[in-house]
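Peer 1: Here it is, the structure in full.
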Amino acid sequence: MVEEATSSLSRSVAQGLRSLSGREPELIPQARLSGPMPWVIAIMVALTVIAAAAGLALSNTARSASDELSGGITVQVIEANPAERDRQARAAVERLKRVPGVIDAHVVSQDEIEQLIEPWLGARAGDDAEIPVPALIDARLRESVNGENLGALRRSVREVAPSARIDAQSAWLTPVFGAIDSLRWLAVALVLLLAFALGAAVVLAVRNAFGTNRDTIEIVHLLGGTDTQVARIFQRSVGFDAVGGGTVGLVLGLIVVLFFGRRFSDLGAGLVGGGALQWYDWALLALVPLAGVVLAMVTARITVQRALRRML
Amino acid sequence: MHTATDGEIVQFDNVGLRYGADREVLSDVSFTLFPGSFYFLTGASGAGKTSLLRLLYLAQRPSRGMIRMFGTDAITLPRDRLPGFRRRLGVVFQDFRLVQHLSAFDNVALPLRVAGVAERELAKPVADMLDWVGLADRTHARPAQLSGGEQQRVAIARAVIGRPELLVADEPTGNVDPDMAVKLLRLFEALNRLGTTVVVATHDVHLLKKVPDSLIMRLDKGRLPDPTGVLRYPPRPAAFPRGGGEL
């Protein structure tokens, strides 16, 4: 496929060599969207859009979850005596409400606890006196939970509720955040790899086209043509292919992103429907083909100029 | 007759050229070309004529020696200044080297387009030039549709369209009949009268007599013997054999 792409570019450059000044209409090279080279670029751009969208969605998901959980703490009152458990829970809530920086604190209702433990212990397990279910308190701090304020809260709450165990909610999701972070870096690596692959494909195609048109380039050189003039021909030719391929790639990529976004939205994961991708994310995705065009044209220019430097 | 005070357009001093590790194809070549002169470069096949011309039209750097062109050291000339120098040259290649996908018109227009001449300003000179070389009716033909002689005339038109200061032609009459050869020489002479220095490489001794005021440089196995036997460098134009003389 790369071979076909390079031969297509050769033909395109041959057409491009018809124009050096670029002013005369009949000498402006026509974009060649029929050859494989634009399709190679389209596939690269589509994959980049998908990888970038996945990375952005993961990033947004992690940020959203982190924001939601960053100020959250959970207090468990682990006490076998139901009366004492209720007393300590109420005392803990009262104490928490008096601590500066705590914006909300409430005992989780028995119904909610029943729902939480039902998958493991069955229905109405909370009513079973032989299964001491701890009392739960959900509290929210104005600022993120850190070791310092968590420690202070622990000390304060345990003064009135010795059986209380206090944990930051974000701590429970640390492994999840770690996994999301890894996936995000994987997406970044994929985008970089695809950019590298696009550059490499352009280098191969341009080198091939350069070799095919070497005689003509030499003649143009001997007639006083500058490196910039010759490089511009290749750059323009690659640019036409990249614009066509990039547009197609963007459309293909967005179709895939929207499709998966809808599927995740149905799951309640909120990739798109839940607002995981914001308007600026879509704008960033729209810039992918533009970046591809710039990358392809700059790569073509550098490749040609390096090749020309080997000629006198 | 030129004198040293006329200034030189090209000056070679002990120039040597070798390709790779082979023996030198040009050795100790020293000569001076003066503005407005007409030179024939002769020599047997393999004498080094084409190699010498390649040095003249800046397609090759010498292995040693010194070359000055238009008053500038051409060997240490920075690469980005080469195009400017090349635009002052006209070259007729032995194998024409026409761009195959371009028409005769576009081939002839190429040096002007390279130089940035506007489209509206190049149509007439290109048409006139094609008319001058007798190809007014072949304007849109591509090289593959032209005979060898016609291709050669397109190559010549391309070389002279920019009114070069130095015209270098490698066997420009090699593919044309005698009448056309004479006609092309007259074309070179006309250009020469306009002030262009002309160097024509040929092994056709009959051509030399067709341009009476020409000067002859004879290459022999890569060397340019001192034509006077007295002066080693620079050989003054008056010291060259005249075009009508014996070789």
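Order determines the names: the first chain of the structure tokens is A, the second B, and so forth; residues in each chain are numbered 1 upward, and ligands are numbered 1 upward as they are shown.
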Would you mind listing what lies within 6 Å of B:Phe12 as a list of chain:residue names, with only C-alpha atoms counted and same-chain residues fewer than 3 positions away left out?
Peer 2: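 The residues satisfying every condition are B:Ser30, B:Phe31, B:Met66, B:Ile67.
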Peer 1: Tell me, counting only C-alpha atoms, for each residue of chain B within 7 Å of chain A, which pair of atoms is nearest and how far apart they are in Å to one decimal, in rows ordered by chain and increasing number, as CSV.
Peer 2:
residue,atom,partner,partner_atom,distance
B:Ala59,CA,A:Leu312,CA,6.4
B:Gln60,CA,A:Leu312,CA,6.9
B:Pro83,CA,A:Gly224,CA,4.0
B:Gly84,CA,A:Gly224,CA,6.3
B:Arg86,CA,A:Gly224,CA,4.8
B:Arg87,CA,A:Gly224,CA,4.9
B:Val99,CA,A:Thr216,CA,6.0
B:Leu102,CA,A:Arg18,CA,6.9
B:Pro111,CA,A:Leu223,CA,5.7
B:Arg113,CA,A:Ser21,CA,6.1
B:Val114,CA,A:Gly225,CA,5.4
B:Gly116,CA,A:Ser21,CA,6.1
B:Glu119,CA,A:Glu24,CA,6.3
Peer 1: In Å to one decimal, how far is atom CA of A:Ser156 from atom CA of A:Ile78?
Peer 2: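 Between these atoms lies a distance of 16.8 Å.
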Peer 1: Would you compute the distance between atom CA of B:Pro62 and atom CA of A:Gly211? Give it in Å to one decimal.
Peer 2: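 Distance between the two atoms: 25.1 Å.
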Peer 1: Could you pull out the residues in stretch 35-106 of chain A that DSSP calls helix (DSSP H, G or I) from the backbone, as a ChimeraX atom specification?
Peer 2: /A:36-70,82-98
Peer 1: For those residues, write N, CA and C atoms to a file as a compact mmCIF listing (two decimals), in the first residue's frame.
Peer 2:
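result19.txt written:
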# COMPACT_ATOMS: atom_id res chain seq x y z
N PRO A 36 -3.83 6.12 -3.08
CA PRO A 36 -3.84 5.57 -1.72
C PRO A 36 -3.25 6.49 -0.66
N MET A 37 -2.37 7.40 -1.05
CA MET A 37 -1.70 8.24 -0.05
C MET A 37 -2.69 9.01 0.84
N PRO A 38 -3.70 9.65 0.27
CA PRO A 38 -4.67 10.32 1.14
C PRO A 38 -5.38 9.34 2.08
N TRP A 39 -5.57 8.11 1.61
CA TRP A 39 -6.23 7.11 2.46
C TRP A 39 -5.34 6.68 3.61
N VAL A 40 -4.04 6.60 3.34
CA VAL A 40 -3.10 6.30 4.43
C VAL A 40 -3.20 7.40 5.48
N ILE A 41 -3.22 8.63 5.02
CA ILE A 41 -3.32 9.76 5.95
C ILE A 41 -4.68 9.74 6.66
N ALA A 42 -5.74 9.38 5.90
CA ALA A 42 -7.09 9.33 6.50
C ALA A 42 -7.13 8.32 7.64
N ILE A 43 -6.53 7.16 7.41
CA ILE A 43 -6.54 6.12 8.45
C ILE A 43 -5.77 6.59 9.68
N MET A 44 -4.61 7.19 9.43
CA MET A 44 -3.79 7.71 10.54
C MET A 44 -4.57 8.75 11.35
N VAL A 45 -5.21 9.65 10.63
CA VAL A 45 -5.95 10.73 11.32
C VAL A 45 -7.13 10.14 12.08
N ALA A 46 -7.84 9.19 11.46
CA ALA A 46 -8.99 8.59 12.13
C ALA A 46 -8.55 7.90 13.42
N LEU A 47 -7.48 7.13 13.35
CA LEU A 47 -6.98 6.44 14.55
C LEU A 47 -6.53 7.45 15.61
N THR A 48 -5.90 8.52 15.14
CA THR A 48 -5.44 9.55 16.09
C THR A 48 -6.63 10.21 16.78
N VAL A 49 -7.68 10.50 16.00
CA VAL A 49 -8.88 11.12 16.58
C VAL A 49 -9.49 10.18 17.63
N ILE A 50 -9.55 8.91 17.31
CA ILE A 50 -10.14 7.94 18.26
C ILE A 50 -9.29 7.84 19.53
N ALA A 51 -7.98 7.74 19.34
CA ALA A 51 -7.08 7.64 20.50
C ALA A 51 -7.14 8.91 21.34
N ALA A 52 -7.15 10.05 20.65
CA ALA A 52 -7.20 11.32 21.38
C ALA A 52 -8.52 11.46 22.12
N ALA A 53 -9.62 11.05 21.47
CA ALA A 53 -10.94 11.14 22.12
C ALA A 53 -10.98 10.25 23.36
N ALA A 54 -10.42 9.05 23.23
CA ALA A 54 -10.38 8.14 24.38
C ALA A 54 -9.57 8.74 25.51
N GLY A 55 -8.43 9.31 25.15
CA GLY A 55 -7.58 9.94 26.17
C GLY A 55 -8.27 11.09 26.85
N LEU A 56 -8.95 11.93 26.07
CA LEU A 56 -9.65 13.08 26.64
C LEU A 56 -10.81 12.63 27.53
N ALA A 57 -11.54 11.61 27.05
CA ALA A 57 -12.68 11.11 27.83
C ALA A 57 -12.20 10.54 29.17
N LEU A 58 -11.12 9.77 29.10
CA LEU A 58 -10.57 9.21 30.35
C LEU A 58 -10.11 10.32 31.27
N SER A 59 -9.49 11.30 30.69
CA SER A 59 -8.99 12.42 31.47
C SER A 59 -10.14 13.14 32.17
N ASN A 60 -11.20 13.38 31.39
CA ASN A 60 -12.37 14.07 31.95
C ASN A 60 -13.04 13.23 33.03
N THR A 61 -13.14 11.93 32.75
CA THR A 61 -13.76 11.03 33.72
C THR A 61 -12.98 11.04 35.04
N ALA A 62 -11.68 10.96 34.92
CA ALA A 62 -10.84 10.95 36.12
C ALA A 62 -10.97 12.26 36.87
N ARG A 63 -10.98 13.37 36.11
CA ARG A 63 -11.07 14.68 36.75
C ARG A 63 -12.42 14.85 37.45
N SER A 64 -13.47 14.42 36.74
CA SER A 64 -14.81 14.54 37.30
C SER A 64 -14.94 13.72 38.59
N ALA A 65 -14.47 12.47 38.53
CA ALA A 65 -14.56 11.59 39.71
C ALA A 65 -13.70 12.13 40.83
N SER A 66 -12.55 12.64 40.47
CA SER A 66 -11.64 13.17 41.48
C SER A 66 -12.25 14.38 42.17
N ASP A 67 -12.87 15.27 41.35
CA ASP A 67 -13.50 16.46 41.93
C ASP A 67 -14.61 16.06 42.90
N GLU A 68 -15.36 15.03 42.46
CA GLU A 68 -16.50 14.59 43.26
C GLU A 68 -16.07 13.97 44.59
N LEU A 69 -14.95 13.25 44.52
CA LEU A 69 -14.52 12.49 45.70
C LEU A 69 -13.45 13.19 46.51
N SER A 70 -12.88 14.23 45.96
CA SER A 70 -11.71 14.79 46.61
C SER A 70 -12.01 15.35 47.99
N PRO A 82 -26.08 -2.01 69.05
CA PRO A 82 -26.81 -1.08 68.19
C PRO A 82 -27.05 0.28 68.83
N ALA A 83 -27.36 0.31 70.11
CA ALA A 83 -27.66 1.57 70.77
C ALA A 83 -26.42 2.45 70.84
N GLU A 84 -25.32 1.80 71.26
CA GLU A 84 -24.06 2.54 71.35
C GLU A 84 -23.61 3.02 69.97
N ARG A 85 -23.86 2.15 68.95
CA ARG A 85 -23.48 2.50 67.56
C ARG A 85 -24.24 3.76 67.12
N ASP A 86 -25.55 3.78 67.43
CA ASP A 86 -26.35 4.95 67.04
C ASP A 86 -25.89 6.20 67.78
N ARG A 87 -25.56 6.03 69.06
CA ARG A 87 -25.14 7.19 69.86
C ARG A 87 -23.85 7.79 69.31
N GLN A 88 -22.88 6.86 69.04
CA GLN A 88 -21.59 7.34 68.54
C GLN A 88 -21.75 7.99 67.16
N ALA A 89 -22.65 7.43 66.37
CA ALA A 89 -22.87 7.99 65.03
C ALA A 89 -23.41 9.40 65.12
N ARG A 90 -24.40 9.58 65.98
CA ARG A 90 -24.99 10.92 66.13
C ARG A 90 -23.95 11.90 66.68
N ALA A 91 -23.19 11.41 67.66
CA ALA A 91 -22.15 12.28 68.25
C ALA A 91 -21.11 12.67 67.21
N ALA A 92 -20.75 11.69 66.38
CA ALA A 92 -19.75 11.96 65.33
C ALA A 92 -20.25 13.01 64.35
N VAL A 93 -21.52 12.87 63.96
CA VAL A 93 -22.10 13.85 63.03
C VAL A 93 -22.10 15.24 63.64
N GLU A 94 -22.50 15.32 64.91
CA GLU A 94 -22.52 16.62 65.58
C GLU A 94 -21.13 17.24 65.62
N ARG A 95 -20.14 16.40 65.95
CA ARG A 95 -18.78 16.90 66.03
C ARG A 95 -18.29 17.37 64.65
N LEU A 96 -18.58 16.54 63.64
CA LEU A 96 -18.13 16.90 62.28
C LEU A 96 -18.73 18.24 61.83
N LYS A 97 -20.01 18.45 62.16
CA LYS A 97 -20.68 19.68 61.72
C LYS A 97 -20.06 20.92 62.37
N ARG A 98 -19.39 20.71 63.49
CA ARG A 98 -18.78 21.86 64.17
C ARG A 98 -17.34 22.12 63.71
Peer 1: Give me the residues within 9 Å of stretch 135-138 of chain B as a list in words, counting only C-alpha atoms and dropping any in the same chain fewer than 6 places off.
Peer 2: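 In the requested format, the answer is Ser103, Ala104, Phe105, Ala127, Asp128, Met129, Leu146, Glu150, Arg153 and Val154 of chain B.
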